[in-house]
file upload-v2.csv (CSV, C-alpha atoms and all ligand atoms)
chain,number,residue,atom,x,y,z
A,1,MET,CA,0.0,0.0,0.0
A,2,GLN,CA,2.9,2.4,0.9
A,3,ASP,CA,4.3,1.9,-2.6
A,4,ILE,CA,1.0,2.7,-4.3
A,5,TYR,CA,0.8,6.0,-2.3
A,6,LYS,CA,4.4,6.8,-3.3
A,7,TYR,CA,3.5,6.1,-6.9
A,8,ILE,CA,0.4,8.3,-6.7
A,9,GLU,CA,2.4,11.1,-5.1
A,10,ASN,CA,4.9,10.9,-8.0
A,11,HIS,CA,2.1,11.1,-10.5
A,12,ILE,CA,0.1,14.1,-9.2
A,13,LYS,CA,1.2,17.8,-9.2
A,14,GLU,CA,4.5,18.4,-7.4
A,15,HIS,CA,4.1,19.1,-3.7
A,16,ASP,CA,3.9,22.8,-3.2
A,17,PRO,CA,6.9,24.3,-1.2
A,18,VAL,CA,4.8,26.1,1.4
A,19,LEU,CA,2.8,22.9,2.1
A,20,LYS,CA,6.1,20.9,2.2
A,21,GLU,CA,7.5,23.2,4.8
A,22,LEU,CA,4.2,23.1,6.7
A,23,THR,CA,4.4,19.3,6.7
A,24,ARG,CA,7.9,19.5,8.1
A,25,GLN,CA,7.0,22.0,10.8
A,26,THR,CA,3.9,20.0,11.8
A,27,HIS,CA,6.2,16.9,12.3
A,28,LEU,CA,8.5,19.0,14.5
A,29,ARG,CA,5.8,20.9,16.5
A,30,ALA,CA,2.6,18.8,16.7
A,31,VAL,CA,1.9,15.8,18.9
A,32,GLN,CA,0.0,13.9,16.2
A,33,PRO,CA,1.4,15.0,12.9
A,34,ARG,CA,-0.4,12.2,11.0
A,35,MET,CA,-3.6,14.2,11.5
A,36,LEU,CA,-2.5,16.4,8.6
A,37,SER,CA,-4.3,15.8,5.3
A,38,GLY,CA,-1.2,15.5,3.2
A,39,HIS,CA,-0.3,15.8,-0.4
A,40,LEU,CA,-2.9,13.5,-2.0
A,41,GLN,CA,-5.9,14.4,0.1
A,42,GLY,CA,-4.9,18.1,-0.1
A,43,ASP,CA,-5.0,18.0,-3.9
A,44,PHE,CA,-8.3,16.1,-3.7
A,45,LEU,CA,-9.8,18.8,-1.5
A,46,SER,CA,-8.5,21.6,-3.8
A,47,LEU,CA,-10.0,19.9,-6.8
A,48,MET,CA,-13.4,19.4,-5.1
A,49,VAL,CA,-13.4,23.2,-4.5
A,50,THR,CA,-12.5,23.9,-8.1
A,51,ILE,CA,-15.1,21.5,-9.5
A,52,LYS,CA,-17.8,22.8,-7.2
A,53,LYS,CA,-16.7,26.5,-7.7
A,54,ALA,CA,-17.1,26.8,-3.9
A,55,ASP,CA,-16.5,30.3,-2.5
A,56,ARG,CA,-18.0,30.0,0.9
A,57,ILE,CA,-16.3,27.1,2.8
A,58,LEU,CA,-16.5,25.9,6.4
A,59,GLU,CA,-13.8,23.7,7.9
A,60,LEU,CA,-14.2,21.9,11.2
A,61,GLY,CA,-10.7,21.1,12.5
A,62,THR,CA,-7.9,23.4,11.3
A,63,PHE,CA,-5.0,21.6,13.0
A,64,THR,CA,-1.8,23.2,11.4
A,65,GLY,CA,-3.8,24.5,8.4
A,66,TYR,CA,-2.7,22.2,5.6
A,67,SER,CA,-6.2,21.4,4.4
A,68,THR,CA,-7.3,25.0,5.0
A,69,ILE,CA,-4.6,26.2,2.6
A,70,CYS,CA,-5.7,23.6,0.0
A,71,LEU,CA,-9.3,24.7,0.3
A,72,ALA,CA,-8.6,28.4,0.3
A,73,ARG,CA,-6.2,28.2,-2.7
A,74,ALA,CA,-8.9,26.8,-5.0
A,75,THR,CA,-11.5,29.3,-4.2
A,76,GLY,CA,-12.4,32.3,-6.4
A,77,GLU,CA,-11.2,35.8,-5.9
A,78,ASN,CA,-13.8,36.5,-3.2
A,79,GLY,CA,-13.6,33.0,-1.7
A,80,GLN,CA,-13.5,32.6,2.1
A,81,VAL,CA,-12.7,29.6,4.3
A,82,HIS,CA,-14.0,29.8,7.8
A,83,THR,CA,-11.9,27.3,9.9
A,84,ILE,CA,-12.5,26.3,13.5
A,85,ASP,CA,-10.2,24.6,16.0
A,86,ILE,CA,-10.4,24.1,19.7
A,87,ASN,CA,-6.6,23.9,20.1
A,88,ASP,CA,-5.0,27.3,20.4
A,89,GLU,CA,-1.4,26.0,20.6
A,90,LEU,CA,-1.2,25.6,16.8
A,91,PHE,CA,-3.1,28.8,16.0
A,92,SER,CA,0.0,31.0,15.4
A,93,LEU,CA,1.7,28.2,13.4
A,94,SER,CA,-1.2,27.9,11.0
A,95,GLN,CA,-1.6,31.7,10.9
A,96,LYS,CA,2.1,32.1,9.9
A,97,PHE,CA,1.6,29.6,7.1
A,98,PHE,CA,-1.6,31.3,5.8
A,99,ALA,CA,0.5,34.4,5.4
A,100,LYS,CA,3.3,32.6,3.7
A,101,ALA,CA,0.8,31.2,1.3
A,102,ASN,CA,-0.6,34.7,0.7
A,103,LEU,CA,-4.0,33.6,1.9
A,104,THR,CA,-4.6,35.8,4.9
A,105,ASN,CA,-7.5,37.6,3.2
A,106,LYS,CA,-9.2,34.3,2.3
A,107,ILE,CA,-9.1,32.5,5.7
A,108,LYS,CA,-10.9,33.4,8.8
A,109,GLN,CA,-9.7,31.4,11.9
A,110,TYR,CA,-11.9,30.7,14.9
A,111,HIS,CA,-10.8,29.3,18.2
A,112,GLY,CA,-13.3,27.2,20.2
A,113,GLU,CA,-15.7,24.3,20.1
A,114,ALA,CA,-16.9,23.7,16.6
A,115,LEU,CA,-20.5,23.1,17.7
A,116,GLN,CA,-20.5,26.4,19.6
A,117,ILE,CA,-18.9,28.5,16.8
A,118,MET,CA,-21.2,27.0,14.2
A,119,THR,CA,-24.2,28.7,15.8
A,120,GLN,CA,-22.6,32.1,14.9
A,121,PHE,CA,-23.0,31.7,11.1
A,122,LYS,CA,-26.0,33.2,9.4
A,123,GLU,CA,-25.5,32.1,5.8
A,124,PRO,CA,-25.1,28.6,4.3
A,125,PHE,CA,-21.8,27.3,2.9
A,126,ASP,CA,-21.0,25.9,-0.6
A,127,LEU,CA,-18.7,23.3,0.8
A,128,VAL,CA,-18.1,21.9,4.3
A,129,PHE,CA,-15.1,19.8,5.4
A,130,ILE,CA,-15.7,17.9,8.6
A,131,ASP,CA,-12.4,16.9,10.3
A,132,ALA,CA,-12.6,17.8,14.0
A,133,ASP,CA,-13.7,15.5,16.9
A,134,LYS,CA,-14.7,12.1,15.6
A,135,ARG,CA,-17.0,11.6,18.6
A,136,GLU,CA,-19.0,14.6,17.4
A,137,TYR,CA,-19.4,13.8,13.7
A,138,PRO,CA,-23.1,13.0,13.9
A,139,GLN,CA,-23.7,16.3,15.8
A,140,TYR,CA,-21.7,18.3,13.3
A,141,TYR,CA,-23.7,16.8,10.5
A,142,ASN,CA,-27.1,17.4,12.1
A,143,ALA,CA,-26.1,21.0,13.1
A,144,LEU,CA,-25.3,21.8,9.4
A,145,PHE,CA,-29.0,21.1,8.6
A,146,ASP,CA,-30.6,22.4,11.9
A,147,LEU,CA,-28.7,25.7,11.6
A,148,ASN,CA,-29.4,26.1,7.9
A,149,LEU,CA,-25.7,26.1,7.1
A,150,VAL,CA,-26.2,24.0,3.9
A,151,HIS,CA,-28.1,24.8,0.7
A,152,LYS,CA,-29.1,22.7,-2.3
A,153,ASP,CA,-25.9,21.3,-3.8
A,154,THR,CA,-23.7,22.1,-0.8
A,155,VAL,CA,-20.9,19.5,-0.8
A,156,ILE,CA,-20.1,17.9,2.6
A,157,ILE,CA,-16.8,16.1,2.9
A,158,ALA,CA,-15.9,14.1,6.0
A,159,ASP,CA,-12.5,12.7,6.8
A,160,ASN,CA,-11.4,9.5,8.5
A,161,THR,CA,-14.7,7.7,7.9
A,162,LEU,CA,-12.9,4.3,7.8
A,163,TRP,CA,-11.0,5.1,11.0
A,164,SER,CA,-7.9,3.0,10.3
A,165,GLY,CA,-10.1,0.1,9.3
A,166,LYS,CA,-11.7,-0.1,12.8
A,167,VAL,CA,-15.1,0.3,11.2
A,168,VAL,CA,-15.1,-3.4,10.3
A,169,GLU,CA,-13.6,-4.7,13.6
A,170,SER,CA,-15.7,-5.7,16.6
A,171,ILE,CA,-16.8,-2.7,18.5
A,172,ASP,CA,-15.3,-1.8,21.9
A,173,PRO,CA,-18.2,0.0,23.7
A,174,LYS,CA,-15.7,2.3,25.4
A,175,ASP,CA,-14.3,3.5,22.0
A,176,LEU,CA,-16.4,6.7,21.6
A,177,TYR,CA,-14.3,7.8,18.6
A,178,LEU,CA,-15.2,4.7,16.7
A,179,LYS,CA,-18.8,5.0,17.8
A,180,GLY,CA,-18.9,8.6,16.5
A,181,ILE,CA,-17.6,7.4,13.1
A,182,LEU,CA,-20.0,4.4,12.9
A,183,ASP,CA,-23.0,6.5,13.9
A,184,PHE,CA,-22.1,9.2,11.3
A,185,ASN,CA,-21.6,6.6,8.5
A,186,LYS,CA,-25.0,5.1,9.2
A,187,LEU,CA,-26.7,8.5,9.5
A,188,ILE,CA,-25.4,9.9,6.3
A,189,ALA,CA,-25.9,6.7,4.3
A,190,GLU,CA,-29.5,6.6,5.4
A,191,ASP,CA,-30.3,10.3,5.0
A,192,PRO,CA,-32.7,11.0,2.1
A,193,ARG,CA,-31.6,14.6,2.0
A,194,VAL,CA,-28.2,13.8,0.4
A,195,GLU,CA,-26.5,11.8,-2.3
A,196,MET,CA,-23.2,10.3,-1.0
A,197,VAL,CA,-20.3,8.0,-1.4
A,198,LEU,CA,-17.7,6.7,1.0
A,199,LEU,CA,-14.3,6.3,-0.7
A,200,PRO,CA,-11.3,4.3,0.5
A,201,LEU,CA,-9.0,7.3,0.0
A,202,ARG,CA,-6.3,7.5,2.8
A,203,ASP,CA,-8.3,6.9,6.0
A,204,GLY,CA,-11.7,7.0,4.3
A,205,ILE,CA,-13.4,10.1,2.9
A,206,THR,CA,-17.1,10.6,2.6
A,207,ILE,CA,-18.5,13.0,0.0
A,208,ALA,CA,-22.1,14.1,0.0
A,209,THR,CA,-24.1,16.6,-1.9
A,210,VAL,CA,-27.4,18.1,-0.6
A,211,LYS,CA,-30.4,17.3,-2.8
B,1,LIG,C1,-7.5,15.7,12.2
B,1,LIG,S1,-7.2,17.3,12.8
B,1,LIG,C2,-7.6,18.3,11.5
B,1,LIG,C3,-6.6,18.2,10.4
B,1,LIG,C4,-6.7,19.3,9.3
B,1,LIG,N1,-8.0,19.4,8.8
B,1,LIG,C5,-5.7,18.9,8.2
B,1,LIG,O1,-6.2,18.2,7.3
B,1,LIG,O2,-4.6,19.2,8.2
B,1,LIG,C6,-8.5,17.5,14.0
B,1,LIG,C7,-8.5,18.9,14.6
B,1,LIG,O3,-9.7,19.0,15.3
B,1,LIG,C8,-9.6,19.8,16.4
B,1,LIG,N2,-10.7,19.6,17.3
B,1,LIG,C9,-11.0,18.5,18.1
B,1,LIG,N3,-12.1,18.6,18.8
B,1,LIG,C10,-12.6,19.8,18.4
B,1,LIG,C11,-13.8,20.5,18.7
B,1,LIG,N4,-14.7,20.0,19.6
B,1,LIG,N5,-14.0,21.7,18.1
B,1,LIG,C12,-13.1,22.3,17.2
B,1,LIG,N6,-12.0,21.6,16.9
B,1,LIG,C13,-11.7,20.4,17.5
B,1,LIG,C14,-8.2,19.3,17.0
B,1,LIG,O4,-7.7,20.3,17.9
B,1,LIG,C15,-7.4,19.0,15.7
B,1,LIG,O5,-6.6,20.1,15.5
call {"tool": "encode", "arguments": {"input": "upload-v2.csv", "output": "structure tokens"}}
result
Amino acid sequence: MQDIYKYIENHIKEHDPVLKELTRQTHLRAVQPRMLSGHLQGDFLSLMVTIKKADRILELGTFTGYSTICLARATGENGQVHTIDINDELFSLSQKFFAKANLTNKIKQYHGEALQIMTQFKEPFDLVFIDADKREYPQYYNALFDLNLVHKDTVIIADNTLWSGKVVESIDPKDLYLKGILDFNKLIAEDPRVEMVLLPLRDGITIATVK
């Protein structure tokens, strides 16, 4: 599998220097650097924004800002990514890289609980990337509809929906992260309001569009 990913990374656009440096800094500074989206998934997110022509984007889970940069770069001139993270330790690192990528005017960072901050928005988004607390995925998804943060054709993307393959292992009732992912996967698959697909890209990525 590693070889396949190496091959893929050698056959997509070259890794951007700012994102390469951000990856390096994330490995030096963050406790769980593997949370970062990375080259392949980053390009995938950018392409989704381009295809969708999404200008108003919501991201739950900034971390060091890798996916935020990929989302923001692909937006139009007036595009804006609103990105939320509860951890303020990495706030200045991501902020520094947003400036390096010349994206300060396209990114608005929020510090706090995703579910709390989501209540502040008054208009729906064209694209939403769910990548914060796995235990809360079902609540994030429901909040998008309850708070009218989606419109017809909004694209919803959720990361880690195969959760390292644990979705097919026997369930440990104490594993609330796995429970969050399993509940979310069931909820979205059975929801008549969306068309969706779950792809085995990296750790599993679900893409849905609101009908
Ligand atoms: C997997 S990382 C995000 C990775 C990032 N999207 C990327 O691709 O580089 C998950 C992030 O969600 C944040 N997070 C966890 N619980 C949260 C919550 N309740 N509200 C907001 N952010 C949260 C964590 O601090 C962490 O930085």
call {"tool": "residues_around", "arguments": {"input": "upload-v2.csv", "residues": "stretch 194-203 of chain A", "least_positions_apart": "3", "cutoff": "7 Å", "atoms": "all atoms listed in the file", "output": "PyMOL selection string"}}
result
chain A and resi 160-164+189+191+206-211
call {"tool": "residues_around", "arguments": {"input": "upload-v2.csv", "residues": "A:Lys13", "least_positions_apart": "3", "cutoff": "10 Å", "atoms": "all atoms listed in the file", "output": "ChimeraX atom specification"}}
result
/A:8-10,16,39-40,43
call {"tool": "closest_residue", "arguments": {"input": "upload-v2.csv", "among": "A:Lys20, A:Lys166, A:Arg135, A:Lys152", "to": "A:Lys179", "atoms": "all atoms listed in the file"}}
result
A:Arg135
call {"tool": "closest_atom_pairs", "arguments": {"input": "upload-v2.csv", "of": "stretch 124-146 of chain A", "to": "stretch 62-73 of chain A", "cutoff": "10 Å", "atoms": "all atoms listed in the file", "output": "CSV"}}
result
residue,atom,partner,partner_atom,distance
A:Leu127,CA,A:Leu71,CA,9.5
A:Phe129,CA,A:Ser67,CA,9.1
A:Ile130,CA,A:Thr62,CA,9.9
A:Asp131,CA,A:Thr62,CA,8.0
A:Ala132,CA,A:Thr62,CA,7.8
call {"tool": "closest_residue", "arguments": {"input": "upload-v2.csv", "among": "A:Glu77, A:Glu59, A:Glu190, A:Asp175", "to": "A:Ala158", "atoms": "only C-alpha atoms"}}
result
A:Glu59
call {"tool": "atom_distance", "arguments": {"input": "upload-v2.csv", "atom1": "atom CA of A:Thr23", "atom2": "atom CA of A:Thr83"}}
result
18.4 Å
call {"tool": "atom_distance", "arguments": {"input": "upload-v2.csv", "atom1": "atom S1 of ligand LIG 1 (chain B)", "atom2": "atom CA of A:Pro192"}}
result
28.4 Å
call {"tool": "residues_around", "arguments": {"input": "upload-v2.csv", "residues": "A:Glu136", "least_positions_apart": "3", "cutoff": "12 Å", "atoms": "all atoms listed in the file", "output": "list in words"}}
result
Leu60, Gly61, Glu113, Ala114, Leu115, Ile130, Asp131, Ala132, Asp133, Gln139, Tyr140, Tyr141, Asn142, Ala143, Ala158, Leu176, Tyr177, Leu178, Lys179, Gly180, Ile181, Leu182, Asp183 and Phe184 of chain A
call {"tool": "atom_distance", "arguments": {"input": "upload-v2.csv", "atom1": "atom C10 of ligand LIG 1 (chain B)", "atom2": "atom CA of A:Phe125"}}
result
19.5 Å
call {"tool": "closest_residue", "arguments": {"input": "upload-v2.csv", "among": "A:Arg56, A:Arg29, A:Lys106, A:His111", "to": "ligand LIG 1 (chain B)", "atoms": "only C-alpha atoms and all ligand atoms"}}
result
A:His111
call {"tool": "closest_residue", "arguments": {"input": "upload-v2.csv", "among": "A:Glu169, A:Gln120, A:Leu19, A:Leu187", "to": "A:Pro138", "atoms": "all atoms listed in the file"}}
result
A:Leu187
call {"tool": "closest_residue", "arguments": {"input": "upload-v2.csv", "among": "A:Tyr137, A:Asp55, A:Ile4, A:Val31", "to": "A:Asn87", "atoms": "only C-alpha atoms"}}
result
A:Val31
call {"tool": "closest_residue", "arguments": {"input": "upload-v2.csv", "among": "A:Asp146, A:Asp85, A:Asp159, A:Glu123", "to": "ligand LIG 1 (chain B)", "atoms": "only C-alpha atoms and all ligand atoms"}}
result
A:Asp85
